[in-house]
>>> print(open('work-v7.cif').read())   # mmCIF, C-alpha atoms
data_work
loop_
_atom_site.group_PDB
_atom_site.id
_atom_site.type_symbol
_atom_site.label_atom_id
_atom_site.label_comp_id
_atom_site.auth_asym_id
_atom_site.auth_seq_id
_atom_site.Cartn_x
_atom_site.Cartn_y
_atom_site.Cartn_z
ATOM 1 C CA MET V 1 4.440 13.889 -36.164
ATOM 2 C CA ASN V 2 5.631 10.640 -34.583
ATOM 3 C CA HIS V 3 8.884 10.870 -32.725
ATOM 4 C CA PRO V 4 11.366 7.997 -32.768
ATOM 5 C CA ALA V 5 12.205 6.118 -29.605
ATOM 6 C CA THR V 6 15.682 7.657 -29.639
ATOM 7 C CA VAL V 7 14.096 10.906 -28.422
ATOM 8 C CA LEU V 8 14.069 9.289 -24.966
ATOM 9 C CA LYS V 9 17.799 8.675 -24.856
ATOM 10 C CA ARG V 10 18.628 11.598 -22.656
ATOM 11 C CA PRO V 11 20.855 11.239 -19.591
ATOM 12 C CA ILE V 12 19.335 9.962 -16.387
ATOM 13 C CA ALA V 13 19.288 12.566 -13.638
ATOM 14 C CA ALA V 14 22.135 12.136 -11.178
ATOM 15 C CA SER V 15 19.725 11.706 -8.265
ATOM 16 C CA ASN V 16 17.570 9.192 -10.213
ATOM 17 C CA ARG V 17 14.602 10.285 -8.097
ATOM 18 C CA PRO V 18 11.021 9.969 -9.315
ATOM 19 C CA ALA V 19 10.108 12.780 -11.698
ATOM 20 C CA LEU V 20 6.568 13.120 -10.347
ATOM 21 C CA PRO V 21 6.087 14.532 -6.832
ATOM 22 C CA ASP V 22 5.312 12.120 -4.017
ATOM 23 C CA PRO V 23 1.532 12.161 -3.409
ATOM 24 C CA GLY V 24 1.880 11.652 0.356
ATOM 25 C CA ALA V 25 0.675 8.404 1.911
ATOM 26 C CA THR V 26 -0.963 10.081 4.925
ATOM 27 C CA TRP V 27 -2.924 12.503 2.751
ATOM 28 C CA LEU V 28 -4.050 9.677 0.445
ATOM 29 C CA SER V 29 -5.252 7.520 3.347
ATOM 30 C CA GLN V 30 -7.702 10.273 4.368
ATOM 31 C CA LEU V 31 -9.389 10.680 0.973
ATOM 32 C CA ASP V 32 -12.978 9.651 0.370
ATOM 33 C CA GLU V 33 -14.010 7.840 -2.819
ATOM 34 C CA LEU V 34 -14.621 10.961 -4.904
ATOM 35 C CA ALA V 35 -11.365 12.654 -3.839
ATOM 36 C CA LEU V 36 -9.473 9.419 -4.456
ATOM 37 C CA GLN V 37 -10.838 9.291 -8.009
ATOM 38 C CA GLN V 38 -9.730 12.892 -8.558
ATOM 39 C CA ALA V 39 -6.248 12.109 -7.211
ATOM 40 C CA LEU V 40 -5.935 9.369 -9.831
ATOM 41 C CA LEU V 41 -7.049 11.704 -12.621
ATOM 42 C CA ASP V 42 -4.616 14.383 -11.427
ATOM 43 C CA ARG V 43 -1.755 11.875 -11.376
ATOM 44 C CA VAL V 44 -2.553 10.689 -14.906
ATOM 45 C CA GLU V 45 -2.605 14.322 -16.044
ATOM 46 C CA ALA V 46 0.774 14.998 -14.402
ATOM 47 C CA ALA V 47 2.290 11.887 -16.011
ATOM 48 C CA TRP V 48 0.845 12.832 -19.394
ATOM 49 C CA SER V 49 2.242 16.380 -19.081
ATOM 50 C CA LEU V 50 5.692 14.931 -18.444
ATOM 51 C CA CYS V 51 5.386 12.686 -21.517
ATOM 52 C CA VAL V 52 4.299 15.604 -23.691
ATOM 53 C CA GLU V 53 7.685 17.209 -23.003
ATOM 54 C CA VAL V 54 9.349 14.476 -25.112
ATOM 55 C CA HIS V 55 6.449 13.810 -27.486
ATOM 56 C CA PRO V 56 4.369 16.985 -28.005
ATOM 57 C CA ASP V 57 1.828 15.190 -30.229
ATOM 58 C CA LEU V 58 0.991 12.537 -27.629
ATOM 59 C CA PRO V 59 -2.797 12.311 -27.333
ATOM 60 C CA ARG V 60 -4.295 12.723 -23.861
ATOM 61 C CA PRO V 61 -5.583 9.313 -22.727
ATOM 62 C CA ARG V 62 -9.084 8.824 -21.428
ATOM 63 C CA VAL V 63 -9.262 7.158 -18.011
ATOM 64 C CA TRP V 64 -11.522 4.387 -16.743
ATOM 65 C CA CYS V 65 -11.647 2.628 -13.381
ATOM 66 C CA ASP V 66 -13.304 -0.521 -14.677
ATOM 67 C CA LEU V 67 -10.504 -3.073 -14.656
ATOM 68 C CA ARG V 68 -11.122 -6.197 -12.584
ATOM 69 C CA GLY V 69 -9.058 -9.147 -11.528
ATOM 70 C CA LYS V 70 -5.360 -9.245 -10.713
ATOM 71 C CA CYS V 71 -4.227 -6.640 -13.231
ATOM 72 C CA ALA V 72 -3.532 -3.208 -11.693
ATOM 73 C CA GLY V 73 -3.687 -1.200 -14.898
ATOM 74 C CA GLN V 74 -3.836 -1.416 -18.658
ATOM 75 C CA ALA V 75 -3.069 0.863 -21.576
ATOM 76 C CA HIS V 76 -5.997 0.171 -23.896
ATOM 77 C CA TYR V 77 -5.171 1.548 -27.332
ATOM 78 C CA GLY V 78 -8.456 0.467 -28.916
ATOM 79 C CA ARG V 79 -10.478 2.447 -26.383
ATOM 80 C CA GLY V 80 -7.973 5.283 -26.425
ATOM 81 C CA GLY V 81 -6.920 5.417 -22.831
ATOM 82 C CA LEU V 82 -5.853 3.851 -19.572
ATOM 83 C CA ARG V 83 -7.821 1.420 -17.448
ATOM 84 C CA PHE V 84 -7.265 1.022 -13.713
ATOM 85 C CA ASN V 85 -8.405 -1.475 -11.099
ATOM 86 C CA PRO V 86 -10.445 0.433 -8.469
ATOM 87 C CA VAL V 87 -10.098 -2.256 -5.785
ATOM 88 C CA LEU V 88 -6.313 -2.452 -6.037
ATOM 89 C CA TYR V 89 -6.099 1.344 -6.174
ATOM 90 C CA ARG V 90 -8.232 1.751 -3.051
ATOM 91 C CA GLU V 91 -6.119 -0.759 -1.120
ATOM 92 C CA ASN V 92 -2.690 0.413 -2.378
ATOM 93 C CA ARG V 93 -3.183 4.147 -2.889
ATOM 94 C CA HIS V 94 0.371 5.432 -2.544
ATOM 95 C CA ALA V 95 2.155 2.648 -4.434
ATOM 96 C CA TYR V 96 -0.524 2.803 -7.098
ATOM 97 C CA LEU V 97 -0.016 6.484 -7.863
ATOM 98 C CA VAL V 98 3.773 6.248 -7.606
ATOM 99 C CA GLU V 99 4.247 3.098 -9.719
ATOM 100 C CA VAL V 100 1.146 1.962 -11.623
ATOM 101 C CA VAL V 101 0.176 5.281 -13.226
ATOM 102 C CA PRO V 102 3.692 5.912 -14.654
ATOM 103 C CA HIS V 103 3.881 2.246 -15.722
ATOM 104 C CA GLU V 104 0.728 2.551 -17.827
ATOM 105 C CA MET V 105 1.599 6.020 -19.098
ATOM 106 C CA ALA V 106 4.968 4.637 -20.265
ATOM 107 C CA HIS V 107 3.067 2.044 -22.332
ATOM 108 C CA TRP V 108 0.877 4.836 -23.731
ATOM 109 C CA LEU V 109 3.898 6.917 -24.723
ATOM 110 C CA VAL V 110 5.863 4.055 -26.291
ATOM 111 C CA HIS V 111 2.852 2.948 -28.336
ATOM 112 C CA HIS V 112 2.540 6.431 -29.837
ATOM 113 C CA LEU V 113 6.203 6.697 -30.857
ATOM 114 C CA SER V 114 7.064 5.806 -34.437
ATOM 115 C CA ASP V 115 7.232 2.011 -34.623
ATOM 116 C CA GLY V 116 5.917 1.919 -31.046
ATOM 117 C CA HIS V 117 3.295 -0.610 -32.059
ATOM 118 C CA ARG V 118 6.192 -2.993 -32.785
ATOM 119 C CA ALA V 119 7.882 -2.531 -29.404
ATOM 120 C CA ARG V 120 7.724 -5.353 -26.875
ATOM 121 C CA PRO V 121 5.352 -4.490 -24.004
ATOM 122 C CA HIS V 122 8.120 -4.258 -21.401
ATOM 123 C CA GLY V 123 11.016 -3.944 -23.821
ATOM 124 C CA ARG V 124 13.883 -1.483 -23.937
ATOM 125 C CA GLU V 125 11.721 1.459 -25.041
ATOM 126 C CA TRP V 126 9.336 1.019 -22.132
ATOM 127 C CA ARG V 127 12.240 0.535 -19.694
ATOM 128 C CA ALA V 128 13.893 3.706 -21.041
ATOM 129 C CA VAL V 129 10.720 5.720 -20.400
ATOM 130 C CA MET V 130 10.402 4.348 -16.871
ATOM 131 C CA GLU V 131 14.032 5.022 -15.972
ATOM 132 C CA GLN V 132 14.883 8.133 -17.946
ATOM 133 C CA LEU V 133 11.604 10.015 -18.000
ATOM 134 C CA PHE V 134 9.872 8.932 -14.790
ATOM 135 C CA GLY V 135 13.023 8.147 -12.765
ATOM 136 C CA LEU V 136 11.610 4.797 -11.629
ATOM 137 C CA TYR V 137 12.889 1.257 -11.612
ATOM 138 C CA PRO V 138 11.126 -0.508 -14.527
ATOM 139 C CA ARG V 139 9.158 -3.043 -12.486
ATOM 140 C CA VAL V 140 7.033 -5.261 -14.741
ATOM 141 C CA THR V 141 4.650 -6.712 -12.144
ATOM 142 C CA HIS V 142 3.128 -5.451 -8.936
ATOM 143 C CA ALA V 143 3.124 -7.206 -5.570
ATOM 144 C CA PHE V 144 -0.347 -6.132 -4.429
ATOM 145 C CA ASP V 145 -2.604 -8.537 -2.560
ATOM 146 C CA THR V 146 -5.249 -9.364 -5.164
ATOM 147 C CA GLY V 147 -7.524 -11.371 -2.863
ATOM 148 C CA ARG V 148 -10.421 -8.902 -2.831
ATOM 149 C CA ALA V 149 -9.803 -7.657 -6.365
ATOM 150 C CA SER V 150 -9.968 -11.121 -7.840
ATOM 151 C CA PRO V 151 -12.355 -13.203 -5.780
ATOM 152 C CA ALA V 152 -12.662 -16.808 -6.817
ATOM 153 C CA PRO V 153 -15.586 -18.079 -4.726
ATOM 154 C CA TYR V 154 -16.223 -21.402 -6.493
ATOM 155 C CA ARG V 155 -14.467 -24.463 -5.106
ATOM 156 C CA TYR V 156 -13.388 -27.333 -7.345
ATOM 157 C CA VAL V 157 -11.506 -30.377 -6.097
ATOM 158 C CA CYS V 158 -9.287 -33.161 -7.393
ATOM 159 C CA HIS V 159 -7.299 -35.898 -5.595
ATOM 160 C CA CYS V 160 -4.521 -33.615 -4.411
ATOM 161 C CA ARG V 161 -5.987 -30.175 -3.647
ATOM 162 C CA GLU V 162 -8.726 -27.550 -3.894
ATOM 163 C CA HIS V 163 -8.943 -25.061 -6.757
ATOM 164 C CA ALA V 164 -10.658 -21.654 -6.589
ATOM 165 C CA PHE V 165 -12.613 -20.716 -9.711
ATOM 166 C CA THR V 166 -13.840 -17.300 -10.758
ATOM 167 C CA ALA V 167 -17.478 -16.817 -11.757
ATOM 168 C CA ARG V 168 -16.490 -16.884 -15.428
ATOM 169 C CA ARG V 169 -14.521 -20.123 -15.203
ATOM 170 C CA HIS V 170 -17.277 -21.685 -13.078
ATOM 171 C CA SER V 171 -19.839 -20.715 -15.731
ATOM 172 C CA LEU V 172 -17.718 -22.315 -18.460
ATOM 173 C CA ALA V 173 -17.355 -25.484 -16.395
ATOM 174 C CA ARG V 174 -21.113 -25.645 -15.805
ATOM 175 C CA ARG V 175 -21.641 -25.413 -19.582
ATOM 176 C CA GLY V 176 -19.426 -28.430 -20.188
ATOM 177 C CA ARG V 177 -15.861 -27.176 -20.405
ATOM 178 C CA GLY V 178 -13.546 -29.582 -18.635
ATOM 179 C CA TYR V 179 -10.637 -28.603 -16.406
ATOM 180 C CA ARG V 180 -7.865 -30.860 -15.118
ATOM 181 C CA CYS V 181 -5.423 -30.462 -12.264
ATOM 182 C CA ARG V 182 -1.916 -29.648 -13.455
ATOM 183 C CA HIS V 183 -0.428 -31.816 -10.713
ATOM 184 C CA CYS V 184 -2.500 -35.019 -10.614
ATOM 185 C CA ALA V 185 -4.251 -34.666 -14.015
ATOM 186 C CA GLN V 186 -7.632 -35.552 -12.508
ATOM 187 C CA THR V 187 -10.746 -33.780 -13.812
ATOM 188 C CA LEU V 188 -11.828 -31.039 -11.415
ATOM 189 C CA VAL V 189 -15.239 -31.458 -9.788
ATOM 190 C CA TYR V 190 -17.372 -28.659 -8.375
ATOM 191 C CA GLN V 191 -17.879 -28.902 -4.639
ATOM 192 C CA PRO V 192 -19.935 -26.053 -3.181
ATOM 193 C CA PHE V 193 -19.087 -24.683 0.238
ATOM 194 C CA VAL V 194 -21.473 -25.969 2.882
ATOM 195 C CA ASP V 195 -22.449 -23.602 5.684
ATOM 196 C CA PRO V 196 -21.947 -25.188 9.130
#
>>> encode(input="work-v7.cif", output="structure tokens")
Amino acid sequence: MNHPATVLKRPIAASNRPALPDPGATWLSQLDELALQQALLDRVEAAWSLCVEVHPDLPRPRVWCDLRGKCAGQAHYGRGGLRFNPVLYRENRHAYLVEVVPHEMAHWLVHHLSDGHRARPHGREWRAVMEQLFGLYPRVTHAFDTGRASPAPYRYVCHCREHAFTARRHSLARRGRGYRCRHCAQTLVYQPFVDP
């Protein structure tokens, strides 16, 4: 049975504190890779359990740590679960568990409500889940440093600046796809880094 989005319109707690317990930054900083993976799975399970209170038929999402680039997380309905960026998680453990997991679980819940597939990704339904169910400010984007998660090691130049390309964009350029600078409109030219 699909529940309508109005099921979420319950009063916000007076304290407006996060509904999930704080994972503890010190404890998280001491975890090895395997324990860190388990902490993520436990947090997803806790968030899912909270969502099941308002939508008992909500399917349990599968979890993957295979997301790359600048995106911290993704609710992937076709695959039936949630994807997370392991590099950003490793570097931002506490904020990741506190903010990113509920963010993606809110998408998962909204999608499974009746007419949820029509809801805007960060629309009022999603915001209601973040505020009223998870007790969090509905932040749309993260502020994590994505330098190591999204390396762009290929240098292209124009008249006014350098541009960093990812391996995929570099491959497309090498196969003939043209790129222009948005500022000077000159075609970008590959210029490999030269070791001193």
>>> atom_distance(input="work-v7.cif", atom1="atom CA of V:Val110", atom2="atom CA of V:Tyr77")
11.4 Å
>>> atom_distance(input="work-v7.cif", atom1="atom CA of V:Arg62", atom2="atom CA of V:Gln132")
24.2 Å
>>> residues_around(input="work-v7.cif", residues="V:Glu33", least_positions_apart="4", cutoff="9 Å", atoms="all atoms listed in the file", output="ChimeraX atom specification")
/V:37-38,90
>>> residues_around(input="work-v7.cif", residues="V:Cys158", least_positions_apart="3", cutoff="6 Å", atoms="only C-alpha atoms", output="PyMOL selection string")
chain V and resi 161+186+188
>>> write_last_selection(input="work-v7.cif", atoms="C-alpha atoms", output="PDB file, in the frame of the given file")
ATOM      1  CA  ARG V 161      -5.987 -30.175  -3.647  1.00  0.00           C
ATOM      2  CA  GLN V 186      -7.632 -35.552 -12.508  1.00  0.00           C
ATOM      3  CA  LEU V 188     -11.828 -31.039 -11.415  1.00  0.00           C
TER       4      LEU V 188
END
>>> resolve_selection(input="work-v7.cif", expression="the PyMOL selection byres ((chain V and resi 92-96) around 8)", output="PyMOL selection string")
chain V and resi 23-25+28-29+88-91+97-101+144
>>> resolve_selection(input="work-v7.cif", expression="the PyMOL selection byres ((chain V and resi 72) around 10)", output="list in words")
Leu67, Arg68, Gly69, Lys70, Cys71, Gly73, Gln74, Arg83, Phe84, Asn85, Pro86, Val87, Leu88, Tyr89, Tyr96, Val100, Val101, Glu104, Thr141, His142, Ala143, Phe144, Thr146 and Ala149 of chain V
>>> atom_distance(input="work-v7.cif", atom1="atom CA of V:Leu136", atom2="atom CA of V:Leu50")
13.6 Å
>>> closest_residue(input="work-v7.cif", among="V:Trp48, V:Trp64, V:Tyr154, V:Tyr179", to="V:His103", atoms="only C-alpha atoms")
V:Trp48
>>> closest_residue(input="work-v7.cif", among="V:Gly80, V:Pro138, V:Pro121, V:Pro192", to="V:Glu162", atoms="only C-alpha atoms")
V:Pro192
>>> axis_aligned_box(input="work-v7.cif", around="stretch 134-139 of chain V", padding_each_side="8 Å", output="JSON")
{"center_x": 11.1, "center_y": 2.9, "center_z": -13.2, "size_x": 19.9, "size_y": 28.0, "size_z": 19.2}
>>> residues_around(input="work-v7.cif", residues="V:Cys51", least_positions_apart="3", cutoff="10 Å", atoms="all atoms listed in the file", output="compact mmCIF listing (two decimals) with C-alpha atoms, keeping the file's coordinate frame")
# COMPACT_ATOMS: atom_id res chain seq x y z
CA LEU V 8 14.07 9.29 -24.97
CA GLU V 45 -2.60 14.32 -16.04
CA ALA V 46 0.77 15.00 -14.40
CA ALA V 47 2.29 11.89 -16.01
CA TRP V 48 0.84 12.83 -19.39
CA VAL V 54 9.35 14.48 -25.11
CA HIS V 55 6.45 13.81 -27.49
CA PRO V 56 4.37 16.98 -28.00
CA ASP V 57 1.83 15.19 -30.23
CA LEU V 58 0.99 12.54 -27.63
CA ARG V 60 -4.30 12.72 -23.86
CA PRO V 102 3.69 5.91 -14.65
CA MET V 105 1.60 6.02 -19.10
CA ALA V 106 4.97 4.64 -20.26
CA TRP V 108 0.88 4.84 -23.73
CA LEU V 109 3.90 6.92 -24.72
CA VAL V 110 5.86 4.06 -26.29
CA VAL V 129 10.72 5.72 -20.40
CA LEU V 133 11.60 10.02 -18.00
CA PHE V 134 9.87 8.93 -14.79
>>> closest_residue(input="work-v7.cif", among="V:Ala173, V:Leu41, V:Leu82, V:Cys160", to="V:Asp66", atoms="all atoms listed in the file")
V:Leu82
>>> closest_residue(input="work-v7.cif", among="V:Trp27, V:Trp126, V:Tyr137, V:Tyr190", to="V:His170", atoms="all atoms listed in the file")
V:Tyr190
>>> closest_residue(input="work-v7.cif", among="V:Val157, V:Gly81, V:Gln30, V:Val189", to="V:Arg174", atoms="all atoms listed in the file")
V:Val189
>>> resolve_selection(input="work-v7.cif", expression="the PyMOL selection byres ((chain V and resi 117) around 12)", output="list in words")
Asn2, Pro4, Ala5, Tyr77, His107, Trp108, Leu109, Val110, His111, His112, Leu113, Ser114, Asp115, Gly116, Arg118, Ala119, Arg120, Pro121, Gly123, Glu125 and Trp126 of chain V
